[in-house]
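Data file: my_file_2.txt. Format and content: compact mmCIF, C-alpha atoms.
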# COMPACT_ATOMS: atom_id res chain seq x y z
CA MET A 14 0.00 0.00 0.00
CA SER A 15 1.40 3.41 -0.95
CA LYS A 16 1.75 6.13 1.68
CA GLU A 17 -1.04 8.15 0.08
CA GLU A 18 -3.31 5.16 0.09
CA LEU A 19 -2.52 4.49 3.74
CA LEU A 20 -3.27 8.10 4.73
CA MET A 21 -6.51 8.04 2.81
CA LYS A 22 -7.56 4.83 4.54
CA MET A 23 -6.80 6.34 7.93
CA GLY A 24 -9.27 9.15 7.36
CA LYS A 25 -11.82 6.65 6.06
CA ALA A 26 -11.43 4.49 9.18
CA ILE A 27 -12.28 7.48 11.37
CA ILE A 28 -15.25 8.50 9.21
CA GLU A 29 -16.61 4.97 9.19
CA GLY A 30 -15.91 4.46 12.88
CA ASN A 31 -13.74 1.41 12.30
CA LYS A 32 -11.55 1.12 15.39
CA ASP A 33 -9.72 -2.05 14.37
CA GLU A 34 -8.82 -0.55 11.02
CA ALA A 35 -7.68 2.74 12.62
CA GLU A 36 -5.40 0.77 14.95
CA ALA A 37 -4.03 -1.56 12.26
CA LEU A 38 -3.22 1.37 9.96
CA ALA A 39 -1.40 3.20 12.78
CA LYS A 40 0.70 0.09 13.40
CA GLU A 41 1.44 -0.21 9.70
CA ALA A 42 2.55 3.42 9.56
CA VAL A 43 4.91 2.86 12.49
CA GLU A 44 6.34 -0.26 10.88
CA LYS A 45 6.85 1.52 7.58
CA LYS A 46 8.48 4.43 9.43
CA ILE A 47 6.21 6.99 7.85
CA ASP A 48 6.53 10.54 9.23
CA LEU A 49 4.17 10.41 12.21
CA ASN A 50 3.22 14.06 11.99
CA GLU A 51 2.09 13.40 8.47
CA VAL A 52 0.18 10.32 9.65
CA ILE A 53 -1.73 12.44 12.14
CA GLU A 54 -2.17 15.63 10.12
CA LYS A 55 -2.83 14.10 6.70
CA GLY A 56 -4.26 10.74 7.75
CA TYR A 57 -6.39 10.86 10.86
CA VAL A 58 -7.13 14.58 11.36
CA PRO A 59 -8.95 15.02 8.01
CA GLY A 60 -11.08 12.04 9.09
CA ILE A 61 -12.19 13.55 12.38
CA GLN A 62 -12.73 16.90 10.64
CA LYS A 63 -14.98 15.21 8.13
CA VAL A 64 -16.92 13.58 10.99
CA GLY A 65 -17.44 17.08 12.46
CA ASP A 66 -18.57 18.40 9.05
CA LEU A 67 -21.07 15.55 8.65
CA TRP A 68 -22.41 16.34 12.12
CA GLU A 69 -22.78 20.01 11.14
CA LYS A 70 -24.74 18.95 8.06
CA GLY A 71 -27.02 16.81 10.18
CA GLU A 72 -25.88 13.59 8.53
CA TYR A 73 -24.00 12.35 11.60
CA PHE A 74 -25.24 12.31 15.19
CA LEU A 75 -23.61 12.04 18.59
CA PRO A 76 -22.93 8.26 18.29
CA GLU A 77 -20.90 8.75 15.09
CA LEU A 78 -18.97 11.60 16.73
CA ILE A 79 -18.17 9.43 19.72
CA THR A 80 -17.12 6.51 17.56
CA GLY A 81 -14.88 8.84 15.57
CA ALA A 82 -13.27 10.02 18.81
CA GLU A 83 -12.83 6.43 20.00
CA CYS A 84 -11.06 5.59 16.73
CA MET A 85 -8.80 8.63 17.08
CA LYS A 86 -7.84 7.55 20.58
CA THR A 87 -7.15 3.99 19.45
CA ALA A 88 -4.84 5.27 16.71
CA MET A 89 -3.18 7.81 19.00
CA ASP A 90 -2.55 5.15 21.63
CA VAL A 91 -0.41 3.38 19.02
CA LEU A 92 1.31 6.56 17.82
CA LYS A 93 1.94 8.36 21.11
CA PRO A 94 4.66 6.06 22.50
CA GLU A 95 6.43 6.28 19.13
CA LEU A 96 6.17 10.06 19.12
CA GLU A 97 7.63 10.19 22.61
CA LYS A 98 10.40 7.76 21.71
CA ALA A 99 11.39 9.88 18.75
CA GLN A 100 10.80 13.11 20.72
CA ILE A 101 8.50 14.39 18.01
CA THR A 102 6.13 17.20 18.95
CA THR A 103 2.75 17.28 17.29
CA LYS A 104 0.56 20.23 16.42
CA SER A 105 -1.73 21.08 19.35
CA GLN A 106 -4.93 23.09 19.21
CA GLY A 107 -4.31 24.12 22.80
CA LYS A 108 -4.02 22.79 26.33
CA VAL A 109 -7.13 22.12 28.35
CA VAL A 110 -7.77 21.19 31.95
CA ILE A 111 -11.20 19.64 32.44
CA GLY A 112 -13.22 18.19 35.30
CA THR A 113 -16.56 18.00 37.06
CA VAL A 114 -16.64 20.42 39.99
CA GLU A 115 -16.50 19.57 43.67
CA GLY A 116 -19.55 17.83 45.11
CA ASP A 117 -20.60 16.42 41.75
CA ILE A 118 -19.67 12.93 40.61
CA HIS A 119 -21.36 12.96 37.20
CA ASP A 120 -18.70 12.30 34.65
CA ILE A 121 -20.06 10.82 31.45
CA GLY A 122 -20.77 14.18 29.79
CA LYS A 123 -17.44 15.56 30.88
CA ASN A 124 -15.71 12.44 29.54
CA LEU A 125 -17.42 12.89 26.18
CA VAL A 126 -16.22 16.49 25.98
CA ALA A 127 -12.70 15.43 27.00
CA SER A 128 -12.52 12.70 24.36
CA MET A 129 -13.95 14.97 21.67
CA LEU A 130 -11.43 17.72 22.51
CA SER A 131 -8.65 15.19 22.52
CA ALA A 132 -9.75 13.72 19.17
CA ASN A 133 -9.73 17.22 17.73
CA GLY A 134 -6.15 17.92 18.64
CA PHE A 135 -6.34 19.45 22.11
CA GLU A 136 -3.99 18.31 24.85
CA VAL A 137 -6.40 17.37 27.62
CA PHE A 138 -5.70 17.08 31.34
CA ASP A 139 -8.75 15.36 32.78
CA LEU A 140 -8.97 15.78 36.56
CA GLY A 141 -12.02 13.51 36.83
CA ALA A 142 -15.14 14.23 38.87
CA ASP A 143 -15.69 15.85 42.28
CA VAL A 144 -12.61 18.03 41.69
CA LYS A 145 -11.60 20.57 44.32
CA LEU A 146 -12.00 24.03 42.83
CA GLU A 147 -8.43 25.06 43.71
CA SER A 148 -7.16 21.99 41.84
CA PHE A 149 -8.42 23.35 38.52
CA ILE A 150 -6.33 26.47 38.98
CA GLU A 151 -3.28 24.62 40.28
CA LYS A 152 -3.28 22.24 37.31
CA ALA A 153 -3.93 25.07 34.87
CA GLU A 154 -0.90 26.95 36.23
CA GLU A 155 1.28 23.88 36.36
CA GLU A 156 0.57 22.87 32.77
CA GLN A 157 0.24 26.42 31.46
CA VAL A 158 -3.08 25.56 29.84
CA ASP A 159 -5.16 27.77 27.60
CA LEU A 160 -8.58 26.61 28.76
CA ILE A 161 -10.33 25.45 31.89
CA CYS A 162 -13.50 23.42 31.24
CA LEU A 163 -15.87 23.13 34.19
CA SER A 164 -18.71 20.63 34.18
CA ALA A 165 -21.60 20.63 36.67
CA LEU A 166 -24.78 18.57 36.56
CA LEU A 167 -26.55 19.89 39.63
CA THR A 168 -28.04 23.24 40.51
CA THR A 169 -26.16 22.99 43.79
CA THR A 170 -22.77 22.31 42.23
CA MET A 171 -22.96 24.69 39.28
CA LEU A 172 -22.14 27.40 41.81
CA GLY A 173 -18.65 25.88 41.83
CA GLN A 174 -18.18 27.17 38.27
CA ARG A 175 -18.72 30.72 39.47
CA LYS A 176 -16.44 30.11 42.44
CA VAL A 177 -13.53 29.11 40.18
CA ILE A 178 -13.90 32.37 38.26
CA GLU A 179 -14.02 34.28 41.55
CA LEU A 180 -10.93 32.46 42.79
CA LEU A 181 -9.06 33.44 39.64
CA ARG A 182 -10.14 37.05 40.17
CA GLU A 183 -8.95 36.97 43.79
CA LYS A 184 -5.59 35.67 42.63
CA ASN A 185 -5.37 38.40 39.96
CA MET A 186 -5.37 35.68 37.33
CA SER A 187 -8.48 36.72 35.39
CA GLY A 188 -7.91 36.44 31.68
CA GLN A 189 -4.97 34.08 32.09
CA PHE A 190 -7.12 31.11 31.11
CA LYS A 191 -10.29 30.94 29.06
CA ILE A 192 -13.16 29.38 30.99
CA LEU A 193 -15.76 27.13 29.38
CA VAL A 194 -18.76 25.81 31.30
CA GLY A 195 -21.24 23.07 30.59
CA GLY A 196 -23.71 20.64 32.16
CA ALA A 197 -27.45 20.06 32.32
CA PRO A 198 -28.49 23.05 34.50
CA VAL A 199 -26.06 25.44 32.79
CA ASN A 200 -26.96 27.78 29.94
CA GLN A 201 -25.59 30.70 27.96
CA LYS A 202 -27.07 33.23 30.38
CA TRP A 203 -25.43 31.55 33.38
CA ALA A 204 -22.09 31.52 31.53
CA LYS A 205 -22.44 35.23 30.81
CA ASP A 206 -23.57 36.08 34.34
CA ILE A 207 -20.61 34.41 35.99
CA GLY A 208 -18.11 35.80 33.47
CA ALA A 209 -17.22 32.56 31.69
CA ASP A 210 -15.75 32.84 28.20
CA GLY A 211 -17.99 30.21 26.69
CA TYR A 212 -20.80 27.73 27.16
CA ALA A 213 -21.19 24.45 25.36
CA GLU A 214 -24.43 22.51 25.26
CA ASN A 215 -22.81 19.35 23.96
CA ALA A 216 -19.44 17.80 23.24
CA MET A 217 -19.13 18.91 19.62
CA VAL A 218 -20.16 22.46 20.43
CA ALA A 219 -17.50 22.35 23.16
CA VAL A 220 -14.87 21.71 20.50
CA LYS A 221 -16.13 24.63 18.41
CA VAL A 222 -16.35 26.99 21.38
CA ALA A 223 -12.91 25.92 22.57
CA LYS A 224 -11.43 26.60 19.14
CA SER A 225 -13.11 29.96 18.74
CA SER A 226 -12.31 31.16 22.25
CA LEU A 227 -8.65 30.42 21.67
CA LYS A 228 -8.71 32.28 18.39
CA ASN A 229 -9.51 35.40 20.36
CA LYS A 230 -6.86 34.75 22.96
CA MET B 10 -47.39 5.73 65.97
CA THR B 11 -44.65 3.91 64.08
CA THR B 12 -44.81 4.64 60.41
CA ALA B 13 -44.70 1.65 58.11
CA ILE B 14 -41.84 1.45 55.67
CA GLU B 15 -42.32 -0.73 52.65
CA LYS B 16 -39.67 -2.05 50.30
CA VAL B 17 -40.69 -3.14 46.81
CA LYS B 18 -38.56 -5.30 44.54
CA ASN B 19 -40.78 -6.96 41.99
CA PHE B 20 -40.37 -4.46 39.16
CA LYS B 21 -40.54 -5.61 35.60
CA ILE B 22 -38.49 -3.26 33.46
CA GLU B 23 -39.16 -3.04 29.73
CA ILE B 24 -37.28 -0.42 27.74
CA ASP B 25 -38.15 0.72 24.26
CA GLU B 26 -35.00 0.94 22.13
CA GLU B 27 -36.44 3.94 20.29
CA LYS B 28 -36.13 5.90 23.54
CA ILE B 29 -32.48 4.95 23.78
CA LEU B 30 -31.88 6.26 20.26
CA ARG B 31 -33.37 9.63 21.31
CA LEU B 32 -31.29 9.73 24.48
CA ILE B 33 -28.01 9.06 22.69
CA GLY B 34 -28.56 11.90 20.26
CA TYR B 35 -30.64 10.71 17.31
CA LYS B 36 -33.54 12.96 16.47
CA LYS B 37 -36.99 11.60 15.72
CA LYS B 38 -36.54 12.13 12.04
CA SER B 39 -32.92 11.03 11.86
CA PRO B 40 -32.42 9.72 8.34
CA LYS B 41 -30.61 6.58 9.35
CA VAL B 42 -29.21 4.82 12.37
CA ASN B 43 -26.16 2.83 11.38
CA ASP B 44 -26.15 -0.90 11.95
CA SER B 45 -23.16 -0.86 14.26
CA THR B 46 -24.97 1.49 16.67
CA LYS B 47 -28.08 -0.70 16.51
CA ASN B 48 -25.91 -3.73 17.28
CA LEU B 49 -24.28 -1.98 20.22
CA ILE B 50 -27.70 -1.10 21.63
CA ALA B 51 -28.84 -4.70 21.31
CA GLU B 52 -25.65 -5.96 22.95
CA GLU B 53 -25.83 -3.52 25.86
CA LYS B 54 -29.51 -4.32 26.37
CA LYS B 55 -28.59 -7.94 27.00
CA LYS B 56 -26.40 -6.86 29.92
CA LEU B 57 -29.39 -5.35 31.71
CA ASP B 58 -30.45 -8.75 33.01
CA TYR B 59 -27.54 -8.78 35.41
CA LEU B 60 -26.88 -5.04 35.74
CA LEU B 61 -30.31 -3.84 36.85
CA HIS B 62 -31.35 -4.34 40.45
CA PRO B 63 -34.51 -2.27 40.72
CA VAL B 64 -35.84 -1.59 44.19
CA SER B 65 -37.79 1.14 45.93
CA ILE B 66 -38.68 2.09 49.46
CA HIS B 67 -41.63 4.19 50.56
CA THR B 68 -43.62 5.39 53.49
CA ILE B 69 -46.86 7.29 53.97
CA LEU B 70 -46.79 10.03 56.60
CA SER B 71 -49.48 12.15 58.14
CA TYR B 72 -48.99 15.90 57.75
CA GLU B 73 -48.00 16.07 61.43
CA GLU B 74 -45.17 13.59 60.84
CA THR B 75 -43.61 15.72 58.11
CA ASN B 76 -41.40 18.79 58.49
CA LYS B 77 -44.55 20.80 57.64
CA HIS B 78 -43.06 22.30 54.53
CA PRO B 79 -45.65 24.59 52.85
CA ILE B 80 -45.73 22.16 49.94
CA PHE B 81 -47.51 19.61 52.16
CA LYS B 82 -50.24 22.07 53.15
CA ASN B 83 -53.78 20.70 52.81
CA ALA B 84 -52.51 17.16 52.26
CA GLU B 85 -53.92 14.55 54.52
CA LYS B 86 -51.07 12.16 53.93
CA ILE B 87 -47.75 12.43 52.16
CA ALA B 88 -46.10 9.49 50.45
CA LEU B 89 -42.32 9.60 50.16
CA CYS B 90 -40.40 7.24 47.93
CA ILE B 91 -36.81 6.51 46.84
CA CYS B 92 -36.15 4.30 43.81
CA THR B 93 -32.91 2.95 42.40
CA ILE B 94 -31.51 0.39 39.98
CA GLY B 95 -28.45 -0.26 42.15
CA PRO B 96 -24.76 0.49 41.58
CA GLU B 97 -23.83 -2.33 39.16
CA LEU B 98 -24.79 -0.54 35.96
CA GLU B 99 -22.78 2.54 36.92
CA GLU B 100 -19.74 0.42 37.70
CA LYS B 101 -20.01 -1.13 34.24
CA ILE B 102 -20.25 2.34 32.66
CA LYS B 103 -17.02 3.38 34.40
CA GLU B 104 -15.29 0.25 33.18
CA LEU B 105 -16.44 0.91 29.61
CA MET B 106 -15.27 4.52 29.72
CA ASN B 107 -11.86 3.45 30.97
CA ASN B 108 -11.62 1.03 28.03
CA ASN B 109 -12.33 3.72 25.39
CA GLU B 110 -15.84 2.37 24.86
CA MET B 111 -17.57 5.73 25.20
CA LEU B 112 -20.52 4.93 22.97
CA ARG B 113 -21.30 1.71 24.81
CA ALA B 114 -21.04 3.69 28.07
CA LEU B 115 -23.46 6.32 26.76
CA ILE B 116 -25.91 3.64 25.62
CA LEU B 117 -25.79 1.89 28.98
CA ASP B 118 -26.22 5.23 30.74
CA ALA B 119 -29.34 5.87 28.65
CA PHE B 120 -30.70 2.43 29.55
CA GLY B 121 -30.03 3.22 33.21
CA SER B 122 -31.90 6.53 33.03
CA GLU B 123 -34.88 4.87 31.39
CA ALA B 124 -34.80 1.96 33.85
CA VAL B 125 -34.84 4.10 36.98
CA GLU B 126 -37.58 6.26 35.47
CA GLU B 127 -39.57 3.08 34.92
CA VAL B 128 -39.09 2.12 38.59
CA ALA B 129 -40.36 5.58 39.56
CA ILE B 130 -43.38 5.28 37.24
CA GLN B 131 -44.34 1.90 38.68
CA SER B 132 -43.77 3.06 42.28
CA ASP B 133 -45.85 6.15 41.59
CA LYS B 134 -48.66 3.99 40.26
CA LEU B 135 -48.52 1.76 43.31
CA LEU B 136 -48.73 4.74 45.66
CA ALA B 137 -51.56 6.33 43.70
CA GLU B 138 -53.50 3.09 44.06
CA LYS B 139 -52.81 3.10 47.79
CA ALA B 140 -54.14 6.65 47.99
CA ARG B 141 -57.38 5.61 46.34
CA LYS B 142 -57.73 2.64 48.69
CA MET B 143 -57.43 5.15 51.53
CA ASN B 144 -60.20 7.20 49.91
CA SER B 145 -57.74 9.96 49.10
CA TRP B 146 -56.83 11.66 45.85
CA PRO B 147 -53.14 11.54 44.89
CA SER B 148 -51.21 14.47 43.42
CA LYS B 149 -48.69 13.92 40.66
CA ARG B 150 -45.23 12.91 41.81
CA PHE B 151 -42.71 15.66 42.51
CA SER B 152 -38.99 15.36 43.22
CA PRO B 153 -36.88 17.66 45.39
CA GLY B 154 -35.37 20.38 43.23
CA TYR B 155 -38.51 20.90 41.19
CA GLY B 156 -40.96 23.76 41.66
CA LYS B 157 -41.24 25.07 45.19
CA TRP B 158 -39.68 21.99 46.73
CA ASP B 159 -36.02 22.88 47.06
CA ILE B 160 -33.32 20.29 46.40
CA LYS B 161 -32.31 20.65 50.08
CA GLU B 162 -35.56 18.88 50.98
CA GLN B 163 -33.79 15.70 49.92
CA GLN B 164 -32.56 15.69 53.49
CA PHE B 165 -36.11 15.37 54.80
CA VAL B 166 -36.87 12.49 52.42
CA PHE B 167 -33.69 10.70 53.48
CA GLN B 168 -34.44 11.26 57.16
CA ALA B 169 -37.90 9.77 56.73
CA LEU B 170 -36.73 6.69 54.84
CA PRO B 171 -33.95 4.20 55.69
CA SER B 172 -32.35 4.64 52.27
CA GLN B 173 -29.41 2.44 53.26
CA ASP B 174 -31.82 -0.51 53.13
CA ILE B 175 -31.88 -0.13 49.35
CA GLY B 176 -28.27 1.02 49.08
CA VAL B 177 -28.89 4.70 48.32
CA ARG B 178 -27.09 7.54 50.05
CA LEU B 179 -27.17 11.29 49.82
CA THR B 180 -24.07 13.44 49.36
CA GLU B 181 -23.52 16.87 50.91
CA SER B 182 -24.60 18.42 47.62
CA TYR B 183 -27.88 16.45 47.82
CA MET B 184 -26.87 14.12 45.05
CA MET B 185 -28.02 10.53 45.28
CA ILE B 186 -25.60 7.64 44.94
CA PRO B 187 -26.12 5.46 42.91
CA GLN B 188 -26.79 8.27 40.45
CA LYS B 189 -29.55 6.29 38.81
CA SER B 190 -31.89 6.91 41.74
CA ILE B 191 -35.06 9.00 41.98
CA SER B 192 -36.77 10.36 45.08
CA PHE B 193 -40.25 11.84 45.09
CA ARG B 194 -43.34 12.72 47.06
CA ILE B 195 -47.05 12.37 46.37
CA ASN B 196 -49.57 14.37 48.40
CA PHE B 197 -52.79 12.55 49.27
CA TYR B 198 -55.81 14.87 49.43
CA LYS B 199 -59.27 14.31 50.81
CA ASN B 200 -60.59 16.95 48.46
CA LYS B 201 -60.46 15.72 44.86
CA LYS B 202 -60.21 19.28 43.57
CA LEU B 203 -56.78 19.68 45.16
CA SER B 204 -55.36 16.81 43.17
CA THR B 205 -54.11 17.81 39.73
CA ARG B 206 -53.76 14.22 38.67
CA LYS B 207 -56.02 12.45 36.24
CA ILE B 208 -57.31 9.28 37.81
CA GLU B 209 -58.39 6.48 35.55
As structure tokens - that is how I would like this structure written.
Amino acid sequence: MSKEELLMKMGKAIIEGNKDEAEALAKEAVEKKIDLNEVIEKGYVPGIQKVGDLWEKGEYFLPELITGAECMKTAMDVLKPELEKAQITTKSQGKVVIGTVEGDIHDIGKNLVASMLSANGFEVFDLGADVKLESFIEKAEEEQVDLICLSALLTTTMLGQRKVIELLREKNMSGQFKILVGGAPVNQKWAKDIGADGYAENAMVAVKVAKSSLKNK
Amino acid sequence: MTTAIEKVKNFKIEIDEEKILRLIGYKKKSPKVNDSTKNLIAEEKKKLDYLLHPVSIHTILSYEETNKHPIFKNAEKIALCICTIGPELEEKIKELMNNNEMLRALILDAFGSEAVEEVAIQSDKLLAEKARKMNSWPSKRFSPGYGKWDIKEQQFVFQALPSQDIGVRLTESYMMIPQKSISFRINFYKNKKLSTRKIE
């Protein structure tokens, strides 16, 4: 199989949600010593972009997006150790710290956002659920991230999103990180009221909002 | 007077796969659902036999036995109920997420939401029937956090019922664990006009 053919098949595997194929092609690329940046940028990334486009057009739905992200992760799990071995740096859309705020253990929505961001080229630091509010800021500082994504599924815990923004203000760190909020009780108005930079109603919108908020950074 | 507490276990849970499709993001008029998603739904559905452990616990209090929240005003009796499907399904979801099986996790989560709702529907029906046997008229069911019944009232529900008997606990932020749990109240009225519920 030629390199071009291999790259084309990689994109197709993501679009079709074929995890086994995505993994096998990544292994083949490693064996054939193909430039891994090219594998990612010209092989897999166009695939996940196409998945996003099909979602925008209403042809794909959340399950296809998730499957696309699963395929990306499967491929990246093969490529990452090789990238590290060869000390190759890949193009990143930005660094993100994400978690569900203190007092809230819901994590499936947050995990979907994390995997979608990751599949779309963000470097994601997932702190999990029931995360102490200070920990978001500590991790954001430590990793010099661009974005903090705060998930809350309860009316009682969504207040934690506001608290993180207040904590940043108290520490004179406002504006240092973009803040995105999400979760069932959260809406655009709440995001605006608490001074968040963006609100995402679902995982794919989160990717779009994350990209656009960093454009303005 | 000691208030009777009743535990119910004999729930029969049937879930329509169409509802799962809606919950995982397909719209009613979605042009097509791919076969692999349909297969995943069918496969996850099979796991429900061993992952669902539906159970509920309820009690019926007189107004005097409640915390006299304004929401209970005019009710002769107040039924309180906690329903759950147990922790097993949630543990499986975690396992799937850790194994990069996000879609399977989402499907199972949707099944869990539907299943616990079904337990609540059947418990609600049972309590409404009890109300009628007591010559009372039941209200619709309401959960803490909705309308004028603040989420903090979860504490009252959990004080009135030994939730540990069905394996449900409340966190400081009034969240129930297992997450697939529902708590609710039904007011029993003597005056039919006070009940907003349609009785068959």
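All residues of protein, DNA or RNA that reach within 9 Å of Val42 (chain B), judged by all atoms listed in the file and not counting those fewer than 4 positions away in the chain, are Phe74 of chain A; Leu30, Tyr35, Thr46 and Lys47 of chain B.
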**Q.** Who sits within 12 Å of Met23 (chain A), all atoms listed in the file, same chain under 4 positions skipped, as a VMD selection string
**A.** chain A and resid 16 to 19 27 to 42 51 to 61 81 84 to 85 87 to 89
Q: Show me which bits of chain A are within 10 Å of chain B, counting all atoms listed in the file, as a count of residues only.
A: 33
Q. Which neighbours of region 186-195 of chain A fall inside 6 Å, counting all atoms listed in the file, when residues of the same chain fewer than 3 positions from it are skipped, and could you give them as a PyMOL selection string?
A. chain A and resi 159-164+181-182+199+209-213
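Each of B:Ile69, B:Arg31, B:Lys202, B:Leu61 was checked against Gly121 (chain B) using all atoms listed in the file; the smallest atom-to-atom distance is that of B:Leu61.
The shortest atom-to-atom distance to Ala13 (chain B), with all atoms listed in the file taken into account, belongs to B:Ala169 out of B:Ile94, B:Ala169, B:Ala84, B:Ala140.
Picture a line from CA of Val177 (chain B) to CA of Ser148 (chain B); it runs 24.9 Å.
We find CA of Leu140 (chain A) and CA of Ala153 (chain A) to be spaced 10.7 Å apart.
For the pair CA of Thr113 (chain A) and CA of Ala165 (chain A), the separation is 5.7 Å.
Across B:Ser192, B:Asn200, B:Ser65, B:Asn76, the tightest approach to Pro153 (chain B) is made by B:Ser192 when counting all atoms listed in the file.
Here the question is which of B:Ile195, B:Leu89, B:Leu203, B:Ala137 gets nearest to Gln163 (chain B) using all atoms listed in the file, and that residue is B:Leu89.
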Excluding Leu130 (chain A) and its own-chain neighbours fewer than 6 positions away, which residues fall within 10 Å of it when counting all atoms listed in the file? Please give them as a short mmCIF file (atom, residue, chain, number, x, y, z; two decimals) with C-alpha atoms, keeping the file's coordinate frame.
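Okay, this is what ended up in part31.cif:
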data_model
loop_
_atom_site.label_atom_id
_atom_site.label_comp_id
_atom_site.auth_asym_id
_atom_site.auth_seq_id
_atom_site.Cartn_x
_atom_site.Cartn_y
_atom_site.Cartn_z
CA ALA A 82 -13.27 10.02 18.81
CA GLN A 106 -4.93 23.09 19.21
CA GLY A 107 -4.31 24.12 22.80
CA LYS A 108 -4.02 22.79 26.33
CA VAL A 109 -7.13 22.12 28.35
CA ASN A 124 -15.71 12.44 29.54
CA GLU A 136 -3.99 18.31 24.85
CA VAL A 137 -6.40 17.37 27.62
CA ALA A 216 -19.44 17.80 23.24
CA MET A 217 -19.13 18.91 19.62
CA ALA A 219 -17.50 22.35 23.16
CA VAL A 220 -14.87 21.71 20.50
CA LYS A 221 -16.13 24.63 18.41
CA ALA A 223 -12.91 25.92 22.57
CA LYS A 224 -11.43 26.60 19.14
#
Q.
Give me the residues near Val125 (chain B) as JSON, numbers by chain, where near means some atom within 9 Å (using all atoms listed in the file) and where sequence neighbours in that chain fewer than 3 positions away do not count.
A. {"B": [22, 63, 92, 93, 94, 120, 121, 122, 128, 129, 130, 189, 190, 191]}
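With distances taken over all atoms listed in the file, B:Gly95 is the one residue among B:Leu60, B:Gly95, B:Ile24, B:Ser71 lying closest to Ser172 (chain B).
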